[in-house]
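Q: Okay, so here is run_36.txt, and as you'll see once you scroll down, it has compact mmCIF, C-alpha atoms.
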# COMPACT_ATOMS: atom_id res chain seq x y z
CA MET W 1 39.58 80.04 111.08
CA ASN W 2 38.74 81.43 107.67
CA ILE W 3 40.16 80.07 104.46
CA LYS W 4 39.65 81.76 101.14
CA VAL W 5 40.28 80.14 97.79
CA LEU W 6 40.86 82.84 95.20
CA GLY W 7 39.95 82.02 91.63
CA PRO W 8 37.26 82.69 89.08
CA GLY W 9 36.11 79.11 88.66
CA CYS W 10 38.63 77.39 86.46
CA PRO W 11 39.34 73.66 86.92
CA LYS W 12 42.49 74.31 88.96
CA CYS W 13 40.60 76.65 91.25
CA LYS W 14 37.86 74.08 91.77
CA GLN W 15 40.44 71.41 92.47
CA THR W 16 42.09 73.66 95.04
CA GLU W 17 38.77 74.31 96.76
CA LYS W 18 38.13 70.56 96.90
CA ILE W 19 41.56 69.85 98.41
CA VAL W 20 41.15 72.59 100.99
CA LYS W 21 37.73 71.31 102.05
CA GLU W 22 39.01 67.74 102.32
CA ALA W 23 42.02 68.84 104.35
CA VAL W 24 39.84 70.81 106.74
CA ALA W 25 37.47 67.87 107.17
CA GLU W 26 40.30 65.42 107.75
CA ALA W 27 42.02 67.74 110.20
CA GLY W 28 38.81 68.20 112.13
CA VAL W 29 39.30 71.90 112.61
CA GLU W 30 36.58 74.50 112.63
CA ALA W 31 37.03 76.56 109.54
CA THR W 32 34.94 78.29 106.95
CA VAL W 33 36.07 77.79 103.38
CA GLU W 34 35.08 80.59 101.09
CA LYS W 35 35.48 80.81 97.33
CA VAL W 36 36.32 84.29 96.05
CA THR W 37 35.55 84.71 92.37
CA ASP W 38 35.28 88.48 92.07
CA MET W 39 38.40 89.59 90.23
CA LEU W 40 38.51 92.96 91.97
CA LYS W 41 38.41 91.29 95.36
CA ILE W 42 41.09 88.82 94.24
CA ALA W 43 43.25 91.71 93.09
CA GLU W 44 43.09 93.24 96.57
CA TYR W 45 45.27 90.39 97.81
CA GLY W 46 48.05 91.36 95.41
CA VAL W 47 48.37 87.87 94.00
CA PHE W 48 50.05 87.35 90.64
CA GLY W 49 48.02 84.29 89.74
CA THR W 50 45.26 81.91 90.72
CA PRO W 51 44.36 79.64 92.34
CA SER W 52 45.58 81.24 95.53
CA VAL W 53 44.84 80.28 99.11
CA VAL W 54 44.48 82.72 102.00
CA VAL W 55 44.34 81.52 105.60
CA ASP W 56 43.13 84.03 108.18
CA GLY W 57 44.12 86.89 105.90
CA GLU W 58 47.56 85.57 105.04
CA VAL W 59 48.35 84.51 101.48
CA LYS W 60 49.79 81.00 101.63
CA SER W 61 50.14 79.98 97.99
CA VAL W 62 49.81 81.60 94.61
CA GLY W 63 49.21 80.21 91.14
CA LYS W 64 49.29 76.53 91.97
CA ILE W 65 47.27 73.72 93.43
CA PRO W 66 48.49 73.01 96.96
CA SER W 67 48.78 69.51 98.33
CA LYS W 68 46.45 68.38 101.08
CA GLN W 69 49.43 68.25 103.41
CA ASP W 70 50.30 71.86 102.56
CA VAL W 71 46.83 72.89 103.64
CA LYS W 72 47.06 70.85 106.84
CA ASN W 73 50.36 72.51 107.65
CA TRP W 74 48.80 75.93 107.14
CA ILE W 75 45.95 75.14 109.52
CA GLY W 76 48.31 73.68 112.08
CA LYS W 77 47.58 69.98 111.66
CA MET P 1 39.79 89.81 82.84
CA VAL P 2 38.15 86.75 84.31
CA GLN P 3 38.36 84.76 81.12
CA ASP P 4 42.13 85.21 81.14
CA CYS P 5 42.63 84.09 84.68
CA CYS P 6 43.09 80.41 84.30
CA ALA P 7 43.92 80.33 80.65
CA ALA P 8 47.37 79.09 79.81
CA GLY P 9 49.36 81.98 81.16
CA ASN P 10 52.86 83.13 81.31
CA ASN P 11 55.32 82.03 83.94
CA VAL P 12 57.53 85.09 83.96
CA MET P 13 57.19 87.81 86.58
CA ILE P 14 58.88 91.02 85.45
CA LEU P 15 60.07 93.38 88.18
CA ALA P 16 61.52 96.75 87.22
CA CYS P 17 63.26 99.18 89.53
CA SER P 18 61.39 101.97 87.71
CA GLY P 19 63.75 104.46 89.29
CA GLY P 20 64.39 108.16 88.86
CA SER P 21 66.86 108.10 86.01
CA ASN P 22 66.95 107.21 82.34
CA VAL P 23 67.93 103.61 83.12
CA GLY P 24 65.28 103.32 85.82
CA GLN P 25 62.64 104.46 83.40
CA LEU P 26 64.04 102.23 80.66
CA SER P 27 63.59 99.28 83.00
CA ASN P 28 59.98 100.31 83.49
CA ARG P 29 59.32 100.81 79.78
CA ALA P 30 60.87 97.45 78.94
CA ALA P 31 58.74 95.72 81.56
CA VAL P 32 55.59 97.35 80.21
CA GLU P 33 56.34 96.44 76.60
CA LEU P 34 57.37 92.87 77.41
CA THR P 35 54.07 92.51 79.24
CA GLN P 36 52.12 93.93 76.34
CA GLU P 37 53.95 91.57 73.98
CA GLY P 38 53.07 88.56 76.14
CA PHE P 39 56.57 87.59 77.20
CA GLY P 40 55.71 87.88 80.88
CA LYS P 41 53.79 90.03 83.27
CA MET P 42 54.99 93.07 85.12
CA CYS P 43 54.30 93.02 88.84
CA CYS P 44 54.75 95.69 91.49
CA LEU P 45 58.24 95.57 92.91
CA VAL P 46 57.14 98.12 95.47
CA GLY P 47 54.50 95.67 96.73
CA ILE P 48 57.28 93.23 97.50
CA GLY P 49 59.31 96.03 99.03
CA GLY P 50 56.36 96.86 101.24
CA ARG P 51 56.29 93.22 102.36
CA LEU P 52 52.70 92.81 101.26
CA LYS P 53 52.17 89.12 101.69
CA GLY P 54 50.35 88.51 98.40
CA PHE P 55 53.13 90.10 96.41
CA VAL P 56 55.91 88.36 98.32
CA GLN P 57 54.24 84.96 98.11
CA SER P 58 53.59 85.48 94.41
CA ALA P 59 57.28 86.13 93.82
CA LYS P 60 58.17 83.01 95.78
CA ASP P 61 55.75 80.82 93.84
CA VAL P 62 56.20 82.07 90.28
CA PRO P 63 58.52 79.88 88.16
CA VAL P 64 60.64 82.65 86.61
CA ILE P 65 61.49 86.18 87.72
CA ALA P 66 63.25 88.82 85.63
CA ALA P 67 64.46 91.62 87.91
CA ILE P 68 65.61 94.70 86.03
CA ASP P 69 67.84 97.24 87.75
CA GLY P 70 68.99 100.47 86.17
CA TYR P 71 72.44 100.44 87.66
CA HIS P 72 74.56 98.86 90.35
CA VAL P 73 72.84 100.44 93.32
CA GLY P 74 70.54 97.46 92.74
CA CYS P 75 67.25 98.46 94.34
CA ALA P 76 65.37 95.51 92.82
CA LYS P 77 68.09 93.14 93.96
CA ALA P 78 67.99 94.58 97.48
CA ILE P 79 64.22 94.29 97.70
CA LEU P 80 64.30 90.66 96.63
CA LYS P 81 67.06 89.93 99.12
CA ASN P 82 65.04 91.49 101.93
CA ALA P 83 62.09 89.32 100.93
CA ASP P 84 64.28 86.18 101.02
CA ILE P 85 63.92 85.61 97.29
CA SER P 86 67.18 84.40 95.85
CA THR P 87 66.29 82.73 92.57
CA TYR P 88 65.83 85.21 89.78
CA ASN P 89 67.40 86.56 86.62
CA HIS P 90 69.09 89.89 87.26
CA ILE P 91 69.57 92.40 84.47
CA VAL P 92 71.52 95.61 85.13
CA LEU P 93 71.16 98.16 82.38
CA THR P 94 74.52 99.86 82.81
CA ASP P 95 76.09 96.42 82.24
CA LEU P 96 74.58 96.61 78.76
CA GLY P 97 76.62 99.74 78.06
CA ILE P 98 73.79 102.18 78.68
CA GLU P 99 74.98 105.23 80.61
CA GLU P 100 72.95 106.42 83.56
CA ASN P 101 71.78 110.05 83.44
CA LYS P 102 68.90 112.21 84.50
CA ASP P 103 67.65 113.47 81.15
CA PHE P 104 64.90 110.83 80.84
CA ASN P 105 65.29 110.76 77.08
CA LEU P 106 64.81 107.09 76.35
CA SER P 107 66.02 105.79 73.02
CA ASP P 108 64.31 103.06 71.05
CA GLU P 109 67.69 101.45 70.50
CA ASP P 110 68.40 101.19 74.23
CA LEU P 111 64.89 99.92 74.86
CA SER P 112 65.38 97.14 72.33
CA ARG P 113 68.67 96.14 73.97
CA VAL P 114 67.04 95.97 77.37
CA LYS P 115 64.13 93.86 76.17
CA GLN P 116 66.46 91.51 74.35
CA ALA P 117 68.63 91.18 77.45
CA VAL P 118 65.62 90.23 79.56
CA VAL P 119 64.50 87.61 77.05
CA THR P 120 68.03 86.20 76.82
CA ALA P 121 68.41 86.07 80.61
CA CYS P 122 65.25 83.98 80.91
CA LYS P 123 66.08 81.74 77.96
CA GLY P 124 65.84 78.04 78.67
CA GLN P 125 63.71 78.48 81.74
CA LYS P 126 60.08 77.56 82.12
CA THR P 127 58.78 80.61 80.30
CA ALA P 128 56.41 78.90 77.90
CA PRO P 129 52.84 78.09 78.90
CA GLU P 130 52.15 74.46 79.74
CA THR P 131 49.14 72.65 81.06
CA ASP P 132 50.53 73.06 84.55
CA THR P 133 51.34 76.68 84.00
CA PHE P 134 51.17 79.44 86.50
CA SER P 135 47.77 81.00 85.94
CA ASN P 136 47.80 84.73 85.58
CA VAL P 137 45.43 87.17 87.13
CA VAL P 138 45.27 90.11 84.80
CA GLY P 139 45.67 93.36 86.67
CA CYS P 140 46.34 91.72 90.00
CA CYS P 141 49.45 93.70 90.62
CA GLY P 142 47.92 97.11 90.29
Can you turn what I pasted into structure tokens?
A:
Amino acid sequence: MNIKVLGPGCPKCKQTEKIVKEAVAEAGVEATVEKVTDMLKIAEYGVFGTPSVVVDGEVKSVGKIPSKQDVKNWIGK
Amino acid sequence: MVQDCCAAGNNVMILACSGGSNVGQLSNRAAVELTQEGFGKMCCLVGIGGRLKGFVQSAKDVPVIAAIDGYHVGCAKAILKNADISTYNHIVLTDLGIEENKDFNLSDEDLSRVKQAVVTACKGQKTAPETDTFSNVVGCCG
């Protein structure tokens, strides 16, 4: 599983990355968590805002910090 | 661009039908100018129509949507319905007394009416930036 956190490095983006990593660790799933900071690459996902979270190529949330439970739901736990 | 990303942004997504008539193009012009003036940010309605996940999810997560249709055929409305998005402000330009035609001569007076109608439709909603605002990505929507 591949999870991408889209955002240039603002506090909300960092918080989202932290939540995603914690959720993955707690769920015990094998997943790579990748931070995407390049604005051109972020734009390729068509998102209106950041932070955004992409799980296996599918945009799951845009412009907000997800809850840990949201992330667990996305990764099937 | 990057420095704008997580600055206090605007919570209004502006979607224009941008169709092939004077009112379609007025909707487009109003969306562009309202974006330039900082009221909201225009996003690609066609991206939602194409069911591109990033665009659809963005429309579902943004606090306020202003959908501008030229006339009652309602292309923007139909696209949002197909994407299961039901909460938005809908502005139809012929309801403002602007007649639909194919001459593409857009008047400043009509443009002002459209922009004012969009602002009025969104009035009272969460349009102002807050600490928990929706953070904009400049240029994300093409």
Q: Listed atoms of stretch 65-81 of chain P, axis-aligned box, 5 Å per side: centre and edge lengths to one decimal in Å, as JSON?
A:
{"center_x": 68.0, "center_y": 93.3, "center_z": 92.4, "size_x": 23.1, "size_y": 24.3, "size_z": 23.5}
Q: Excluding P:Leu15 and any residue of its chain fewer than 5 positions from it, enumerate the residues within 6 Å of it, using all atoms listed in the file, and give them as a tab-separated table (two decimals) with C-alpha atoms, in the frame of the given file.
A:
chain	number	residue	atom	x	y	z
P	42	MET	CA	54.99	93.07	85.12
P	43	CYS	CA	54.30	93.02	88.84
P	45	LEU	CA	58.24	95.57	92.91
P	67	ALA	CA	64.46	91.62	87.91
Q: Would you write out, as JSON lines, a table of all residues in chain W that have an atom no more than 6 Å from an atom of chain P, listing for each the closest atom pair and the distance in Å to one decimal, considering only C-alpha atoms and ordering rows by chain and rising residue number?
A:
{"residue": "W:Cys10", "atom": "CA", "partner": "P:Cys6", "partner_atom": "CA", "distance": 5.8}
{"residue": "W:Ala43", "atom": "CA", "partner": "P:Cys140", "partner_atom": "CA", "distance": 4.4}
{"residue": "W:Tyr45", "atom": "CA", "partner": "P:Gly54", "partner_atom": "CA", "distance": 5.4}
{"residue": "W:Gly46", "atom": "CA", "partner": "P:Gly54", "partner_atom": "CA", "distance": 4.7}
{"residue": "W:Val47", "atom": "CA", "partner": "P:Gly54", "partner_atom": "CA", "distance": 4.9}
{"residue": "W:Phe48", "atom": "CA", "partner": "P:Ser58", "partner_atom": "CA", "distance": 5.5}
{"residue": "W:Gly49", "atom": "CA", "partner": "P:Asn136", "partner_atom": "CA", "distance": 4.2}
{"residue": "W:Thr50", "atom": "CA", "partner": "P:Ser135", "partner_atom": "CA", "distance": 5.5}
{"residue": "W:Val59", "atom": "CA", "partner": "P:Gly54", "partner_atom": "CA", "distance": 5.4}
{"residue": "W:Val62", "atom": "CA", "partner": "P:Ser58", "partner_atom": "CA", "distance": 5.4}
{"residue": "W:Gly63", "atom": "CA", "partner": "P:Phe134", "partner_atom": "CA", "distance": 5.1}
Q: Work out how far atom CA of W:Ile65 is from atom CA of P:Gly38, in Å to one decimal.
A: 23.5 Å
Q: Which residues, written as a list in words, have at least one atom at most 12 Å from W:Glu30, with all atoms listed in the file counted and residues fewer than 4 positions away on the same chain left out?
A: Met1, Asn2, Ile3, Lys21, Ala23, Val24, Ala25, Glu26, Ile75, Gly76 and Lys77 of chain W
Q: Dump C-alpha atoms for the selected residues as a PDB file, in the frame of the given file?
A:
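Once written, out-v6.pdb looks like this:
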ATOM      1  CA  MET W   1      39.580  80.040 111.080  1.00  0.00           C
ATOM      2  CA  ASN W   2      38.740  81.430 107.670  1.00  0.00           C
ATOM      3  CA  ILE W   3      40.160  80.070 104.460  1.00  0.00           C
ATOM      4  CA  LYS W  21      37.730  71.310 102.050  1.00  0.00           C
ATOM      5  CA  ALA W  23      42.020  68.840 104.350  1.00  0.00           C
ATOM      6  CA  VAL W  24      39.840  70.810 106.740  1.00  0.00           C
ATOM      7  CA  ALA W  25      37.470  67.870 107.170  1.00  0.00           C
ATOM      8  CA  GLU W  26      40.300  65.420 107.750  1.00  0.00           C
ATOM      9  CA  ILE W  75      45.950  75.140 109.520  1.00  0.00           C
ATOM     10  CA  GLY W  76      48.310  73.680 112.080  1.00  0.00           C
ATOM     11  CA  LYS W  77      47.580  69.980 111.660  1.00  0.00           C
TER      12      LYS W  77
END
Q: Kindly give the distance, in Å, that separates atom CA of P:Cys75 and atom CA of P:Ala31, rounded to a single decimal.
A: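 About the pair atom CA of P:Cys75 and atom CA of P:Ala31: they are 15.6 Å apart.
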Q: Compare W:Asn73, W:Thr32, W:Ser52, W:Thr37 by their minimum atom-to-atom distance to W:Pro8, counting all atoms listed in the file, and give me the closest one.
A: W:Thr37
Q: In Å, how far is it from atom CA of P:Ile65 to atom CA of P:Val12?
A: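 These atoms are spaced 5.6 Å apart.
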Q: What lies within 10 Å of P:Ser21 using only C-alpha atoms, ignoring chain neighbours under 4 positions off, as a PDB file with C-alpha atoms, in the frame of the given file?
A:
ATOM      1  CA  GLN P  25      62.640 104.460  83.400  1.00  0.00           C
ATOM      2  CA  LEU P  26      64.040 102.230  80.660  1.00  0.00           C
ATOM      3  CA  SER P  27      63.590  99.280  83.000  1.00  0.00           C
ATOM      4  CA  GLY P  70      68.990 100.470  86.170  1.00  0.00           C
ATOM      5  CA  TYR P  71      72.440 100.440  87.660  1.00  0.00           C
ATOM      6  CA  GLU P 100      72.950 106.420  83.560  1.00  0.00           C
ATOM      7  CA  ASN P 101      71.780 110.050  83.440  1.00  0.00           C
ATOM      8  CA  LYS P 102      68.900 112.210  84.500  1.00  0.00           C
ATOM      9  CA  ASP P 103      67.650 113.470  81.150  1.00  0.00           C
ATOM     10  CA  PHE P 104      64.900 110.830  80.840  1.00  0.00           C
ATOM     11  CA  ASN P 105      65.290 110.760  77.080  1.00  0.00           C
ATOM     12  CA  LEU P 106      64.810 107.090  76.350  1.00  0.00           C
TER      13      LEU P 106
END
Q: Add whatever atoms are absent from stretch 17-34 of chain W to reach N, CA and C atoms, and provide the output as a PDB file, in the frame of the given file.
A:
ATOM      1  N   GLU W  17      39.861  74.210  95.785  1.00  0.00           N
ATOM      2  CA  GLU W  17      38.770  74.310  96.760  1.00  0.00           C
ATOM      3  C   GLU W  17      38.452  72.918  97.332  1.00  0.00           C
ATOM      4  N   LYS W  18      38.431  71.930  96.469  1.00  0.00           N
ATOM      5  CA  LYS W  18      38.130  70.560  96.900  1.00  0.00           C
ATOM      6  C   LYS W  18      39.190  70.063  97.882  1.00  0.00           C
ATOM      7  N   ILE W  19      40.447  70.299  97.542  1.00  0.00           N
ATOM      8  CA  ILE W  19      41.560  69.850  98.410  1.00  0.00           C
ATOM      9  C   ILE W  19      41.490  70.555  99.767  1.00  0.00           C
ATOM     10  N   VAL W  20      41.220  71.837  99.730  1.00  0.00           N
ATOM     11  CA  VAL W  20      41.150  72.590 100.990  1.00  0.00           C
ATOM     12  C   VAL W  20      40.018  72.056 101.861  1.00  0.00           C
ATOM     13  N   LYS W  21      38.874  71.812 101.280  1.00  0.00           N
ATOM     14  CA  LYS W  21      37.730  71.310 102.050  1.00  0.00           C
ATOM     15  C   LYS W  21      38.032  69.918 102.622  1.00  0.00           C
ATOM     16  N   GLU W  22      38.654  69.095 101.841  1.00  0.00           N
ATOM     17  CA  GLU W  22      39.010  67.740 102.320  1.00  0.00           C
ATOM     18  C   GLU W  22      40.023  67.831 103.455  1.00  0.00           C
ATOM     19  N   ALA W  23      40.991  68.700 103.308  1.00  0.00           N
ATOM     20  CA  ALA W  23      42.020  68.840 104.350  1.00  0.00           C
ATOM     21  C   ALA W  23      41.411  69.331 105.656  1.00  0.00           C
ATOM     22  N   VAL W  24      40.507  70.271 105.544  1.00  0.00           N
ATOM     23  CA  VAL W  24      39.840  70.810 106.740  1.00  0.00           C
ATOM     24  C   VAL W  24      39.014  69.707 107.419  1.00  0.00           C
ATOM     25  N   ALA W  25      38.299  68.945 106.612  1.00  0.00           N
ATOM     26  CA  ALA W  25      37.470  67.870 107.170  1.00  0.00           C
ATOM     27  C   ALA W  25      38.335  66.814 107.845  1.00  0.00           C
ATOM     28  N   GLU W  26      39.413  66.444 107.185  1.00  0.00           N
ATOM     29  CA  GLU W  26      40.300  65.420 107.750  1.00  0.00           C
ATOM     30  C   GLU W  26      40.999  65.905 109.022  1.00  0.00           C
ATOM     31  N   ALA W  27      41.320  67.187 109.038  1.00  0.00           N
ATOM     32  CA  ALA W  27      42.020  67.740 110.200  1.00  0.00           C
ATOM     33  C   ALA W  27      41.071  67.951 111.377  1.00  0.00           C
ATOM     34  N   GLY W  28      39.788  68.031 111.071  1.00  0.00           N
ATOM     35  CA  GLY W  28      38.810  68.200 112.130  1.00  0.00           C
ATOM     36  C   GLY W  28      38.854  69.564 112.795  1.00  0.00           C
ATOM     37  N   VAL W  29      39.258  70.552 112.041  1.00  0.00           N
ATOM     38  CA  VAL W  29      39.300  71.900 112.610  1.00  0.00           C
ATOM     39  C   VAL W  29      38.039  72.663 112.185  1.00  0.00           C
ATOM     40  N   GLU W  30      37.720  73.654 112.980  1.00  0.00           N
ATOM     41  CA  GLU W  30      36.580  74.500 112.630  1.00  0.00           C
ATOM     42  C   GLU W  30      37.069  75.596 111.711  1.00  0.00           C
ATOM     43  N   ALA W  31      36.589  75.557 110.501  1.00  0.00           N
ATOM     44  CA  ALA W  31      37.030  76.560 109.540  1.00  0.00           C
ATOM     45  C   ALA W  31      35.944  76.780 108.491  1.00  0.00           C
ATOM     46  N   THR W  32      35.832  78.010 108.075  1.00  0.00           N
ATOM     47  CA  THR W  32      34.940  78.290 106.950  1.00  0.00           C
ATOM     48  C   THR W  32      35.809  78.396 105.699  1.00  0.00           C
ATOM     49  N   VAL W  33      35.348  77.741 104.649  1.00  0.00           N
ATOM     50  CA  VAL W  33      36.070  77.790 103.380  1.00  0.00           C
ATOM     51  C   VAL W  33      35.227  78.600 102.395  1.00  0.00           C
ATOM     52  N   GLU W  34      35.822  79.647 101.920  1.00  0.00           N
ATOM     53  CA  GLU W  34      35.080  80.590 101.090  1.00  0.00           C
ATOM     54  C   GLU W  34      35.757  80.684  99.729  1.00  0.00           C
TER      55      GLU W  34
END
